[in-house]
>>> print(open('work-v7.txt').read())   # compact mmCIF, C-alpha atoms and all ligand atoms
# COMPACT_ATOMS: atom_id res chain seq x y z
CA MET Y 1 22.35 -61.72 23.11
CA PRO Y 2 24.99 -63.02 25.48
CA ILE Y 3 25.99 -66.54 24.49
CA SER Y 4 24.11 -69.36 26.20
CA GLN Y 5 25.15 -70.41 29.67
CA GLU Y 6 26.15 -73.78 28.25
CA PHE Y 7 28.42 -72.28 25.58
CA ALA Y 8 29.90 -69.86 28.12
CA ALA Y 9 30.55 -72.70 30.56
CA ARG Y 10 32.40 -74.62 27.87
CA LEU Y 11 34.27 -71.69 26.33
CA LEU Y 12 35.25 -69.24 29.06
CA PRO Y 13 37.42 -71.60 31.13
CA VAL Y 14 39.60 -72.52 28.12
CA LEU Y 15 39.66 -69.29 26.14
CA PRO Y 16 42.51 -67.45 27.92
CA ALA Y 17 44.82 -70.41 27.30
CA VAL Y 18 43.77 -70.51 23.63
CA VAL Y 19 44.46 -66.78 23.24
CA GLU Y 20 47.91 -67.21 24.80
CA THR Y 21 48.97 -69.61 22.06
CA TYR Y 22 46.75 -68.69 19.11
CA PRO Y 23 46.61 -65.19 17.65
CA THR Y 24 43.39 -63.18 17.78
CA PRO Y 25 41.09 -62.41 16.09
CA PHE Y 26 39.26 -65.65 15.32
CA HIS Y 27 35.73 -66.98 15.27
CA ILE Y 28 35.08 -69.96 17.48
CA TYR Y 29 32.01 -72.18 17.11
CA ASP Y 30 30.40 -74.52 19.62
CA GLU Y 31 29.88 -77.92 18.02
CA ARG Y 32 27.70 -79.18 20.87
CA GLY Y 33 25.38 -76.17 20.58
CA ILE Y 34 25.04 -76.53 16.80
CA VAL Y 35 24.24 -80.23 17.03
CA ASP Y 36 21.77 -79.72 19.88
CA THR Y 37 19.93 -76.95 18.02
CA HIS Y 38 19.72 -79.12 14.91
CA ARG Y 39 18.29 -81.99 16.96
CA GLU Y 40 15.77 -79.74 18.70
CA LEU Y 41 14.63 -78.39 15.34
CA VAL Y 42 14.11 -81.86 13.90
CA ALA Y 43 12.41 -83.05 17.09
CA ALA Y 44 10.04 -80.08 16.90
CA PHE Y 45 8.62 -81.50 13.67
CA ASP Y 46 7.72 -84.53 15.70
CA GLY Y 47 8.20 -87.32 13.22
CA ALA Y 48 6.14 -85.67 10.47
CA PRO Y 49 7.64 -85.88 6.95
CA TYR Y 50 10.25 -83.13 7.22
CA ARG Y 51 13.78 -82.33 6.11
CA GLN Y 52 16.05 -79.45 7.02
CA TYR Y 53 18.72 -78.34 4.52
CA PHE Y 54 21.28 -76.07 6.15
CA ALA Y 55 21.79 -72.82 4.22
CA VAL Y 56 25.46 -73.22 3.29
CA LYS Y 57 25.96 -69.48 2.82
CA ALA Y 58 25.48 -68.93 6.56
CA LEU Y 59 28.55 -70.93 7.60
CA PRO Y 60 30.35 -72.55 4.66
CA ASN Y 61 32.98 -74.35 6.68
CA PRO Y 62 33.58 -77.97 5.62
CA THR Y 63 33.95 -79.27 9.18
CA VAL Y 64 30.67 -77.75 10.34
CA LEU Y 65 28.84 -78.86 7.20
CA ARG Y 66 30.19 -82.41 7.60
CA THR Y 67 28.90 -82.47 11.18
CA LEU Y 68 25.45 -81.34 10.04
CA LEU Y 69 25.36 -83.91 7.21
CA ALA Y 70 26.28 -86.62 9.71
CA GLU Y 71 23.31 -85.46 11.81
CA GLY Y 72 21.02 -86.05 8.84
CA SER Y 73 20.77 -82.46 7.64
CA GLY Y 74 20.81 -81.69 3.93
CA LEU Y 75 22.52 -78.65 2.40
CA ASP Y 76 20.88 -75.66 0.72
CA CYS Y 77 23.16 -74.29 -2.00
CA ALA Y 78 22.75 -71.07 -3.94
CA SER Y 79 25.72 -71.16 -6.31
CA PRO Y 80 27.84 -73.65 -8.29
CA VAL Y 81 30.68 -73.22 -5.79
CA GLU Y 82 28.40 -74.17 -2.91
CA LEU Y 83 27.20 -77.16 -4.96
CA GLU Y 84 30.79 -78.26 -5.46
CA LEU Y 85 31.46 -77.88 -1.75
CA ALA Y 86 28.46 -80.08 -0.99
CA GLU Y 87 29.66 -82.66 -3.49
CA ARG Y 88 33.20 -82.71 -2.03
CA LEU Y 89 31.67 -83.30 1.38
CA GLY Y 90 30.04 -86.42 0.00
CA ALA Y 91 26.48 -85.04 0.03
CA ARG Y 92 24.29 -87.27 -2.11
CA ALA Y 93 21.89 -85.84 -4.66
CA ASP Y 94 18.91 -85.97 -2.30
CA ASP Y 95 20.94 -84.16 0.36
CA VAL Y 96 21.04 -80.98 -1.71
CA VAL Y 97 18.56 -78.27 -2.65
CA PHE Y 98 19.57 -75.54 -5.06
CA THR Y 99 17.73 -72.28 -4.38
CA SER Y 100 19.37 -69.55 -6.41
CA ASN Y 101 18.51 -66.14 -7.81
CA ASN Y 102 19.39 -64.51 -11.14
CA THR Y 103 20.41 -67.97 -12.28
CA THR Y 104 22.24 -68.61 -15.55
CA VAL Y 105 21.62 -71.67 -17.68
CA ALA Y 106 25.16 -72.87 -16.84
CA GLU Y 107 24.43 -72.61 -13.12
CA TYR Y 108 21.16 -74.45 -13.58
CA GLU Y 109 22.98 -77.19 -15.51
CA SER Y 110 25.43 -77.68 -12.66
CA ALA Y 111 22.55 -78.14 -10.22
CA LEU Y 112 20.85 -80.55 -12.63
CA LYS Y 113 24.08 -82.54 -12.91
CA ALA Y 114 24.39 -82.67 -9.13
CA GLY Y 115 20.87 -84.09 -8.99
CA ALA Y 116 19.80 -81.40 -6.53
CA LEU Y 117 16.21 -80.46 -5.83
CA ILE Y 118 16.03 -77.28 -7.91
CA THR Y 119 13.99 -74.24 -6.95
CA PHE Y 120 13.09 -72.15 -9.99
CA ASP Y 121 13.30 -68.52 -8.95
CA ASP Y 122 12.00 -67.33 -12.27
CA ARG Y 123 9.55 -68.73 -14.76
CA SER Y 124 11.66 -67.65 -17.74
CA LEU Y 125 14.34 -70.17 -16.84
CA LEU Y 126 11.90 -72.95 -17.82
CA ASP Y 127 11.87 -71.80 -21.41
CA LYS Y 128 15.63 -71.32 -21.58
CA VAL Y 129 16.64 -74.85 -20.70
CA ASP Y 130 16.43 -78.02 -22.77
CA ARG Y 131 16.22 -80.52 -19.99
CA LEU Y 132 14.03 -80.19 -16.92
CA PRO Y 133 14.51 -82.09 -13.68
CA GLU Y 134 11.99 -84.73 -12.71
CA LEU Y 135 10.73 -82.47 -9.96
CA VAL Y 136 10.16 -78.73 -10.36
CA ALA Y 137 9.58 -76.25 -7.56
CA PHE Y 138 8.87 -72.57 -8.05
CA ARG Y 139 9.72 -69.93 -5.52
CA VAL Y 140 6.85 -67.53 -4.91
CA ALA Y 141 7.73 -63.86 -4.69
CA PRO Y 142 7.30 -62.20 -1.29
CA HIS Y 143 3.66 -61.31 -0.75
CA GLY Y 144 1.18 -61.05 2.10
CA THR Y 145 2.99 -60.93 5.43
CA ALA Y 146 6.36 -60.35 3.79
CA ALA Y 147 5.30 -57.26 1.89
CA GLY Y 148 7.33 -54.34 3.10
CA SER Y 149 9.40 -56.14 5.78
CA ALA Y 150 12.74 -54.39 6.20
CA LEU Y 151 15.15 -57.20 5.33
CA MET Y 152 13.13 -58.70 2.47
CA GLY Y 153 12.59 -55.32 0.80
CA SER Y 154 9.31 -54.07 -0.53
CA ALA Y 155 7.22 -56.70 -2.28
CA THR Y 156 6.94 -54.80 -5.55
CA HIS Y 157 10.71 -54.37 -5.79
CA SER Y 158 11.67 -57.87 -4.71
CA LYS Y 159 14.09 -59.65 -7.02
CA PHE Y 160 13.05 -63.04 -5.66
CA GLY Y 161 10.54 -65.52 -6.93
CA VAL Y 162 7.61 -65.77 -9.34
CA PRO Y 163 4.92 -63.12 -8.82
CA LEU Y 164 1.87 -64.63 -7.17
CA ALA Y 165 -0.38 -63.88 -10.13
CA GLU Y 166 1.85 -65.89 -12.51
CA LEU Y 167 2.49 -68.84 -10.25
CA ALA Y 168 -0.29 -71.22 -11.35
CA ASP Y 169 0.62 -70.59 -14.96
CA ALA Y 170 4.27 -71.43 -14.28
CA TYR Y 171 3.21 -74.84 -12.91
CA ARG Y 172 0.98 -75.42 -15.93
CA ALA Y 173 3.88 -74.59 -18.23
CA ALA Y 174 6.13 -77.08 -16.45
CA HIS Y 175 3.36 -79.68 -16.61
CA ARG Y 176 3.01 -79.12 -20.37
CA ARG Y 177 6.72 -79.87 -20.67
CA GLY Y 178 6.21 -83.26 -19.09
CA VAL Y 179 7.09 -82.54 -15.48
CA ARG Y 180 4.98 -84.66 -13.12
CA ARG Y 181 6.55 -84.04 -9.74
CA PHE Y 182 6.34 -80.70 -7.98
CA GLY Y 183 7.29 -78.69 -4.94
CA ILE Y 184 6.79 -75.11 -3.89
CA HIS Y 185 9.18 -72.66 -2.22
CA GLY Y 186 8.37 -69.49 -0.37
CA MET Y 187 10.76 -67.70 1.94
CA ILE Y 188 8.85 -64.71 3.11
CA CYS Y 189 10.54 -63.64 6.27
CA ALA Y 190 14.11 -62.75 7.26
CA ASN Y 191 15.64 -62.75 10.72
CA GLU Y 192 12.09 -62.97 12.10
CA LEU Y 193 11.90 -63.26 15.89
CA ASN Y 194 8.19 -62.76 16.31
CA LEU Y 195 6.59 -66.20 16.53
CA GLU Y 196 3.24 -65.08 15.17
CA ARG Y 197 4.73 -63.39 12.11
CA ALA Y 198 7.12 -66.29 11.43
CA VAL Y 199 4.22 -68.74 11.67
CA ARG Y 200 1.97 -66.60 9.50
CA ALA Y 201 4.67 -66.34 6.82
CA ALA Y 202 5.18 -70.12 6.74
CA VAL Y 203 1.46 -70.91 6.91
CA GLU Y 204 0.81 -68.59 3.98
CA VAL Y 205 3.17 -70.69 1.86
CA VAL Y 206 1.55 -73.95 2.97
CA GLU Y 207 -1.92 -72.57 2.16
CA LEU Y 208 -0.74 -71.13 -1.12
CA GLY Y 209 0.65 -74.55 -2.04
CA ALA Y 210 -2.76 -76.11 -1.39
CA ARG Y 211 -4.51 -73.45 -3.52
CA ILE Y 212 -2.08 -73.91 -6.41
CA ALA Y 213 -2.41 -77.69 -6.24
CA ALA Y 214 -6.22 -77.43 -6.32
CA GLU Y 215 -6.21 -74.84 -9.08
CA THR Y 216 -3.81 -76.66 -11.41
CA GLY Y 217 -4.56 -80.26 -10.49
CA ILE Y 218 -0.93 -81.02 -9.66
CA GLU Y 219 0.26 -82.81 -6.54
CA LEU Y 220 2.90 -81.16 -4.39
CA GLU Y 221 5.55 -83.40 -2.88
CA TYR Y 222 6.98 -80.73 -0.64
CA VAL Y 223 6.48 -77.22 0.69
CA ASN Y 224 9.80 -75.48 1.27
CA ILE Y 225 9.42 -72.57 3.67
CA GLY Y 226 13.08 -71.51 3.34
CA GLY Y 227 14.97 -69.99 6.24
CA GLY Y 228 14.57 -66.63 7.86
CA LEU Y 229 14.02 -67.54 11.50
CA GLY Y 230 15.55 -64.90 13.71
CA ILE Y 231 17.84 -65.16 16.69
CA PRO Y 232 17.97 -62.79 19.65
CA TYR Y 233 20.94 -60.56 18.90
CA ARG Y 234 19.96 -58.11 21.65
CA PRO Y 235 19.98 -58.99 25.35
CA THR Y 236 16.33 -57.91 25.59
CA GLU Y 237 15.17 -60.33 22.88
CA ARG Y 238 14.00 -63.90 23.40
CA PRO Y 239 14.51 -66.91 21.15
CA ILE Y 240 11.65 -68.14 19.04
CA ASP Y 241 9.63 -71.08 20.41
CA ILE Y 242 10.64 -73.65 17.84
CA ARG Y 243 8.14 -76.28 19.03
CA ALA Y 244 5.24 -73.84 18.68
CA TYR Y 245 6.56 -72.79 15.25
CA ALA Y 246 6.79 -76.36 13.97
CA SER Y 247 3.45 -77.48 15.36
CA ALA Y 248 1.65 -74.49 13.82
CA ILE Y 249 3.13 -75.39 10.43
CA LEU Y 250 2.16 -79.04 10.80
CA ALA Y 251 -1.36 -78.04 11.79
CA ALA Y 252 -1.62 -75.83 8.69
CA ARG Y 253 -0.38 -78.74 6.56
CA ARG Y 254 -3.09 -81.02 7.97
CA ARG Y 255 -5.77 -78.34 7.47
CA ALA Y 256 -4.77 -77.24 3.99
CA PHE Y 257 -4.11 -80.64 2.45
CA THR Y 258 -6.65 -83.37 2.98
CA THR Y 259 -4.98 -85.92 0.71
CA HIS Y 260 -1.41 -86.16 -0.63
CA ARG Y 261 0.08 -84.10 2.17
CA PRO Y 262 3.44 -82.71 1.08
CA ARG Y 263 6.47 -82.97 3.32
CA ILE Y 264 7.81 -79.81 4.92
CA VAL Y 265 11.27 -78.59 3.94
CA THR Y 266 13.30 -75.82 5.57
CA GLU Y 267 16.54 -74.09 4.58
CA ILE Y 268 17.37 -72.66 7.97
CA GLY Y 269 20.79 -71.09 8.45
CA ARG Y 270 20.97 -68.36 11.06
CA TYR Y 271 18.78 -70.03 13.70
CA LEU Y 272 20.97 -73.13 13.64
CA THR Y 273 24.47 -71.78 13.94
CA GLY Y 274 24.17 -68.05 14.65
CA PRO Y 275 24.14 -68.16 18.47
CA HIS Y 276 26.85 -70.82 18.56
CA GLY Y 277 29.75 -68.65 17.43
CA VAL Y 278 31.69 -65.69 18.78
CA LEU Y 279 34.38 -63.49 17.31
CA VAL Y 280 37.26 -63.38 19.77
CA SER Y 281 39.51 -60.34 19.63
CA GLN Y 282 41.69 -58.23 21.88
CA VAL Y 283 41.62 -54.55 22.77
CA VAL Y 284 44.59 -52.87 21.09
CA ASN Y 285 43.72 -49.18 21.61
CA ARG Y 286 41.89 -46.89 24.01
CA CYS Y 287 41.45 -43.24 23.17
CA ARG Y 288 39.01 -40.39 23.35
CA LYS Y 289 37.76 -38.41 20.31
CA GLY Y 290 34.46 -36.90 21.31
CA GLN Y 291 33.49 -40.36 22.47
CA ASP Y 292 35.47 -43.04 24.24
CA ILE Y 293 36.92 -45.43 21.72
CA VAL Y 294 37.90 -49.05 22.18
CA GLY Y 295 39.93 -50.35 19.24
CA LEU Y 296 39.96 -54.09 18.57
CA ASP Y 297 42.40 -56.18 16.55
CA ALA Y 298 39.42 -57.33 14.44
CA SER Y 299 37.79 -55.28 11.68
CA MET Y 300 34.64 -55.53 9.62
CA SER Y 301 36.56 -57.94 7.35
CA ALA Y 302 35.77 -60.49 10.09
CA LEU Y 303 32.14 -59.48 10.57
CA MET Y 304 30.27 -57.33 8.09
CA ARG Y 305 26.82 -57.20 9.65
CA PRO Y 306 27.24 -54.16 11.93
CA GLY Y 307 28.80 -52.03 9.18
CA TYR Y 308 26.66 -53.43 6.40
CA TYR Y 309 23.17 -53.33 7.94
CA GLY Y 310 23.78 -51.53 11.21
CA ALA Y 311 23.07 -54.88 12.83
CA TYR Y 312 23.41 -55.23 16.59
CA HIS Y 313 25.94 -57.75 17.91
CA HIS Y 314 26.36 -58.02 21.64
CA ILE Y 315 29.88 -57.28 22.90
CA SER Y 316 31.36 -58.42 26.19
CA LEU Y 317 34.65 -58.42 28.07
CA PRO Y 318 34.20 -61.70 29.92
CA TYR Y 319 37.29 -61.37 32.09
CA ALA Y 320 36.77 -57.72 33.13
CA ALA Y 321 33.75 -58.18 35.39
CA GLY Y 322 33.66 -55.91 38.41
CA ARG Y 323 35.24 -52.85 36.79
CA PRO Y 324 33.07 -49.71 36.64
CA GLU Y 325 31.05 -49.57 33.43
CA THR Y 326 31.78 -46.91 30.86
CA LEU Y 327 30.13 -45.85 27.60
CA VAL Y 328 32.28 -46.60 24.53
CA ASP Y 329 32.33 -47.11 20.77
CA VAL Y 330 34.00 -50.38 19.75
CA VAL Y 331 35.84 -50.07 16.44
CA GLY Y 332 38.03 -51.92 13.94
CA SER Y 333 40.93 -50.62 11.83
CA LEU Y 334 39.36 -50.24 8.39
CA CYS Y 335 39.49 -46.82 6.70
CA GLU Y 336 35.69 -46.65 6.73
CA ASN Y 337 33.74 -44.87 9.42
CA ASN Y 338 31.18 -47.68 9.55
CA ASP Y 339 33.87 -50.11 10.73
CA LYS Y 340 32.33 -50.16 14.20
CA PHE Y 341 31.19 -53.24 16.06
CA GLY Y 342 29.12 -51.22 18.48
CA VAL Y 343 28.24 -47.62 19.33
CA ASP Y 344 27.43 -46.34 22.82
CA ARG Y 345 28.02 -49.66 24.56
CA LEU Y 346 28.37 -49.97 28.30
CA LEU Y 347 31.45 -52.08 29.01
CA PRO Y 348 33.53 -52.65 32.13
CA ALA Y 349 36.36 -50.06 31.73
CA PRO Y 350 38.12 -51.71 28.78
CA ALA Y 351 41.91 -51.87 28.85
CA GLU Y 352 44.49 -52.80 26.24
CA GLY Y 353 45.02 -56.54 26.18
CA ASP Y 354 41.46 -57.39 27.28
CA ILE Y 355 39.77 -60.27 25.48
CA ALA Y 356 36.60 -58.98 23.80
CA LEU Y 357 33.83 -61.24 22.53
CA ILE Y 358 31.45 -60.26 19.77
CA HIS Y 359 28.50 -62.58 20.06
CA ASP Y 360 26.26 -64.44 17.61
CA THR Y 361 28.77 -64.68 14.77
CA GLY Y 362 27.98 -68.31 13.91
CA ALA Y 363 25.93 -67.39 10.83
CA HIS Y 364 26.51 -64.79 8.12
CA GLY Y 365 29.68 -63.84 10.01
CA HIS Y 366 32.99 -65.07 8.63
CA ALA Y 367 31.23 -65.99 5.40
CA MET Y 368 30.43 -62.37 4.58
CA GLY Y 369 33.98 -61.21 5.22
CA PHE Y 370 36.13 -59.54 2.63
CA THR Y 371 39.68 -58.24 2.28
CA TYR Y 372 39.24 -54.55 1.54
CA ASN Y 373 42.07 -52.45 2.90
CA GLY Y 374 44.27 -55.55 3.17
CA ARG Y 375 42.45 -56.48 6.36
CA LEU Y 376 42.35 -60.22 5.93
CA ARG Y 377 39.75 -62.73 7.02
CA PRO Y 378 40.47 -64.36 10.37
CA ALA Y 379 40.66 -68.01 11.36
CA GLU Y 380 37.78 -70.23 12.42
CA LEU Y 381 38.16 -72.54 15.39
CA LEU Y 382 35.78 -75.17 16.69
CA LEU Y 383 35.17 -76.12 20.29
CA THR Y 384 34.38 -79.77 19.70
CA ALA Y 385 31.75 -81.80 21.50
CA ALA Y 386 34.67 -83.62 23.15
CA GLY Y 387 35.96 -80.31 24.52
CA GLU Y 388 38.96 -79.89 22.23
CA VAL Y 389 39.73 -76.69 20.36
CA VAL Y 390 40.60 -77.31 16.71
CA GLU Y 391 41.41 -75.04 13.78
CA ILE Y 392 38.89 -75.46 10.98
CA ARG Y 393 40.13 -72.58 8.84
CA ARG Y 394 43.42 -70.74 9.22
CA ALA Y 395 43.66 -66.98 9.03
CA GLU Y 396 44.43 -65.53 5.61
CA THR Y 397 47.95 -64.44 4.77
CA PHE Y 398 49.57 -62.03 2.36
CA ASP Y 399 49.87 -64.89 -0.15
CA ASP Y 400 46.11 -65.51 0.02
CA TYR Y 401 45.47 -61.80 -0.46
CA LEU Y 402 47.41 -61.88 -3.72
CA ALA Y 403 46.65 -65.47 -4.74
CA THR Y 404 44.59 -64.35 -7.74
CA ALA Y 405 46.76 -61.41 -8.80
CA ARG Y 406 49.15 -61.82 -11.75
CA TRP Y 407 52.57 -60.45 -10.85
CA THR Y 408 53.27 -60.74 -14.55
CA PRO Y 409 50.28 -59.64 -16.61
CA THR Y 410 48.80 -62.46 -18.71
CA LYS Y 411 47.79 -61.53 -22.23
CA ILE Y 412 44.20 -62.37 -23.12
CA MET Y 413 44.03 -60.46 -26.44
CA GLU Y 414 46.65 -59.40 -28.99
CA SER Y 415 46.86 -55.73 -29.75
CA THR Y 416 44.61 -54.83 -32.67
CA ARG Y 417 46.69 -51.80 -33.54
C1 LIG Y 501 19.63 -66.82 3.04
C2 LIG Y 501 18.68 -67.88 2.67
C3 LIG Y 501 18.37 -68.90 3.58
C4 LIG Y 501 18.87 -68.92 4.99
O1 LIG Y 501 18.44 -67.82 5.71
P1 LIG Y 501 18.67 -67.73 7.28
O2 LIG Y 501 18.22 -66.37 7.63
O3 LIG Y 501 20.14 -67.92 7.49
O4 LIG Y 501 17.87 -68.81 7.91
C5 LIG Y 501 17.56 -69.93 3.14
N1 LIG Y 501 17.05 -69.95 1.89
C6 LIG Y 501 17.32 -68.98 1.00
C7 LIG Y 501 16.73 -69.07 -0.36
C8 LIG Y 501 18.13 -67.92 1.35
O5 LIG Y 501 18.37 -66.94 0.48
>>> encode(input="work-v7.txt", output="structure tokens", more="lines below")
Ligand SMILES: *Cc1c(COP(=O)(O)O)cnc(C)c1O
Amino acid sequence: MPISQEFAARLLPVLPAVVETYPTPFHIYDERGIVDTHRELVAAFDGAPYRQYFAVKALPNPTVLRTLLAEGSGLDCASPVELELAERLGARADDVVFTSNNTTVAEYESALKAGALITFDDRSLLDKVDRLPELVAFRVAPHGTAAGSALMGSATHSKFGVPLAELADAYRAAHRRGVRRFGIHGMICANELNLERAVRAAVEVVELGARIAAETGIELEYVNIGGGLGIPYRPTERPIDIRAYASAILAARRRAFTTHRPRIVTEIGRYLTGPHGVLVSQVVNRCRKGQDIVGLDASMSALMRPGYYGAYHHISLPYAAGRPETLVDVVGSLCENNDKFGVDRLLPAPAEGDIALIHDTGAHGHAMGFTYNGRLRPAELLLTAAGEVVEIRRAETFDDYLATARWTPTKIMESTR
């Protein structure tokens, strides 16, 4: 959806001057917007025991993560590299949750060493490891509401979590190994914009937690409902009512647990930063090949979602208002036909040199980028709360592209002949 009026009012007056001195393409994030959304989210839980851990994978930039940590957010890590990033940012053990998938013992050990709250995605990991953390949480496989949703995949083919029927037994097994503190994790929606479905998915996890606790006699310290809240990518969509979402979850917590009420934990990524970023690029080509084509200086290396999932990202030419609108395809330079930011978009007669904005790139944007075709990942800038524009990641160069290549091959095994 078009960026918020507040972000537009902060960004649009300064952007032409930025583009004059700083090469496009780049992502630019709105610090004020990110901080405000984080505060609104926390306020929505209204003083109840609650902690949000930002899903690092959505926007793994140190400056943004540091800002969120300073606001009291924790970090949700899914790999040893993300754990190391959290550690370098000074996150303390209780600031980190580790929710991974297809986890190796070595990865588990690194999370244990970091002191993170560990989510066990699979029961078999319990038996593979010598040392267990003080507190064990299992992730429940998608079920109920989640079954068959497009982004989560079909429930029977999900690679995530412990199947519902084996969940109680997994807790009993952990208890037999001496674990006395427990949590539960269930992320059963993805990019969900419908309030009722998002609430139902979260409430199902809260209620499941209460059933498991009653059935096994354990006490749950927290219920982690993961991330998965949607944002309005399309102009016709509306943001989720975060206050209604939080109060429905708190009501379910009060209903389902009469004593020892667990705290609520979230690992929200997209909802927090997604709307507060744009990819800024310039029109470098106009041509006609069956359809009108607008070529940008950015490619899917900067934003995978349209090519990867056919995801919609709103596109605008903020300084071209008033021109007659025309139907165009907006493309990048990659030698792949899915390198298109938008198909059949109505834009004000685009011309070479126009600044084009691709909206909602603040989550799962730069982070998903890649360097196929030698199209390198762009820079990340931040519009600070004080109104400055700062570089928080430079664009990649040829040297970065080849940083891991050996110009002289390095022998790893002698010839056996
Ligand atoms: C991806 C992911 C998140 C964050 O999802 P968003 O859609 O960005 O909110 C949180 N938890 C887990 C386990 C994830 O895989």
>>> axis_aligned_box(input="work-v7.txt", around="ligand LIG 501 (chain Y)", padding_each_side="4 Å", output="lines of an AutoDock Vina configuration file")
center_x = 18.4
center_y = -68.2
center_z = 3.8
size_x = 11.4
size_y = 11.6
size_z = 16.3
>>> atom_distance(input="work-v7.txt", atom1="atom CA of Glu192 of chain Y", atom2="atom CA of Arg211 of chain Y")
25.1 Å
>>> residues_near_point(input="work-v7.txt", point="(26.1, -55.0, 8.7)", cutoff="10 Å", atoms="only C-alpha atoms", output="list in words")
Met300, Leu303, Met304, Arg305, Pro306, Gly307, Tyr308, Tyr309, Gly310, Ala311, Tyr312, His313, Asn338, Asp339, Lys340, Phe341, His364, Gly365 and Met368 of chain Y
>>> atom_distance(input="work-v7.txt", atom1="atom CA of Ile225 of chain Y", atom2="atom CA of Ile249 of chain Y")
9.7 Å
>>> closest_residue(input="work-v7.txt", among="Y:Lys159, Y:Arg32, Y:Arg180, Y:His27", to="ligand LIG 501 (chain Y)", atoms="only C-alpha atoms and all ligand atoms")
Y:Lys159
>>> residues_around(input="work-v7.txt", residues="Leu229 of chain Y", least_positions_apart="5", cutoff="12 Å", atoms="only C-alpha atoms", output="ChimeraX atom specification")
/Y:41,55,187-199,201-202,239-242,245-246,266-274,363
>>> residues_around(input="work-v7.txt", residues="Pro348 of chain Y", least_positions_apart="3", cutoff="6 Å", atoms="all atoms listed in the file", output="ChimeraX atom specification")
/Y:323-325
>>> write_last_selection(input="work-v7.txt", atoms="C-alpha atoms", output="PDB file, in the coordinates of the input")
ATOM      1  CA  ARG Y 323      35.240 -52.850  36.790  1.00  0.00           C
ATOM      2  CA  PRO Y 324      33.070 -49.710  36.640  1.00  0.00           C
ATOM      3  CA  GLU Y 325      31.050 -49.570  33.430  1.00  0.00           C
TER       4      GLU Y 325
END
>>> closest_residue(input="work-v7.txt", among="Y:Asp122, Y:Asp76, Y:Glu391, Y:Asp130", to="ligand LIG 501 (chain Y)", atoms="only C-alpha atoms and all ligand atoms")
Y:Asp76
>>> atom_distance(input="work-v7.txt", atom1="atom CA of Ala256 of chain Y", atom2="atom CA of Leu220 of chain Y")
12.0 Å
>>> closest_residue(input="work-v7.txt", among="Y:Val129, Y:Ala367, Y:Leu279, Y:Leu346", to="ligand LIG 501 (chain Y)", atoms="only C-alpha atoms and all ligand atoms")
Y:Ala367
>>> closest_residue(input="work-v7.txt", among="Y:Val140, Y:Ser4, Y:Ser281, Y:Val64", to="Asp121 of chain Y", atoms="all atoms listed in the file")
Y:Val140
>>> closest_residue(input="work-v7.txt", among="Y:Gly369, Y:Gly72, Y:Gly290, Y:Pro80", to="Arg51 of chain Y", atoms="all atoms listed in the file")
Y:Gly72
>>> closest_residue(input="work-v7.txt", among="Y:Lys113, Y:Thr99, Y:Glu71, Y:Pro16", to="Val56 of chain Y", atoms="all atoms listed in the file")
Y:Thr99
>>> residues_around(input="work-v7.txt", residues="Phe98 of chain Y", least_positions_apart="4", cutoff="9 Å", atoms="all atoms listed in the file", output="ChimeraX atom specification")
/Y:75-79,83,108,111,116-120
>>> residues_around(input="work-v7.txt", residues="Ile293 of chain Y", least_positions_apart="2", cutoff="12 Å", atoms="only C-alpha atoms", output="PyMOL selection string")
chain Y and resi 283-291+295-296+326-333+340-347+349-352
>>> closest_atom_pairs(input="work-v7.txt", of="segment 257-289 of chain Y", to="segment 8-12 of chain Y", cutoff="12 Å", atoms="all atoms listed in the file", output="CSV")
residue,atom,partner,partner_atom,distance
Y:Pro275,CA,Y:Ala8,CA,11.4
Y:His276,CA,Y:Ala8,CA,10.1
Y:Gly277,CA,Y:Leu11,CA,10.4
Y:Val278,CA,Y:Leu11,CA,10.0
Y:Val280,CA,Y:Leu11,CA,11.0
>>> residues_around(input="work-v7.txt", residues="Val19 of chain Y", least_positions_apart="3", cutoff="10 Å", atoms="only C-alpha atoms", output="VMD selection string")
chain Y and resid 14 to 16 22 to 26 280 to 282 355
>>> residues_near_point(input="work-v7.txt", point="(34.7, -73.9, 2.9)", cutoff="12 Å", atoms="all atoms listed in the file", output="PyMOL selection string")
chain Y and resi 56-66+81-89+366-367+379-380+392-394
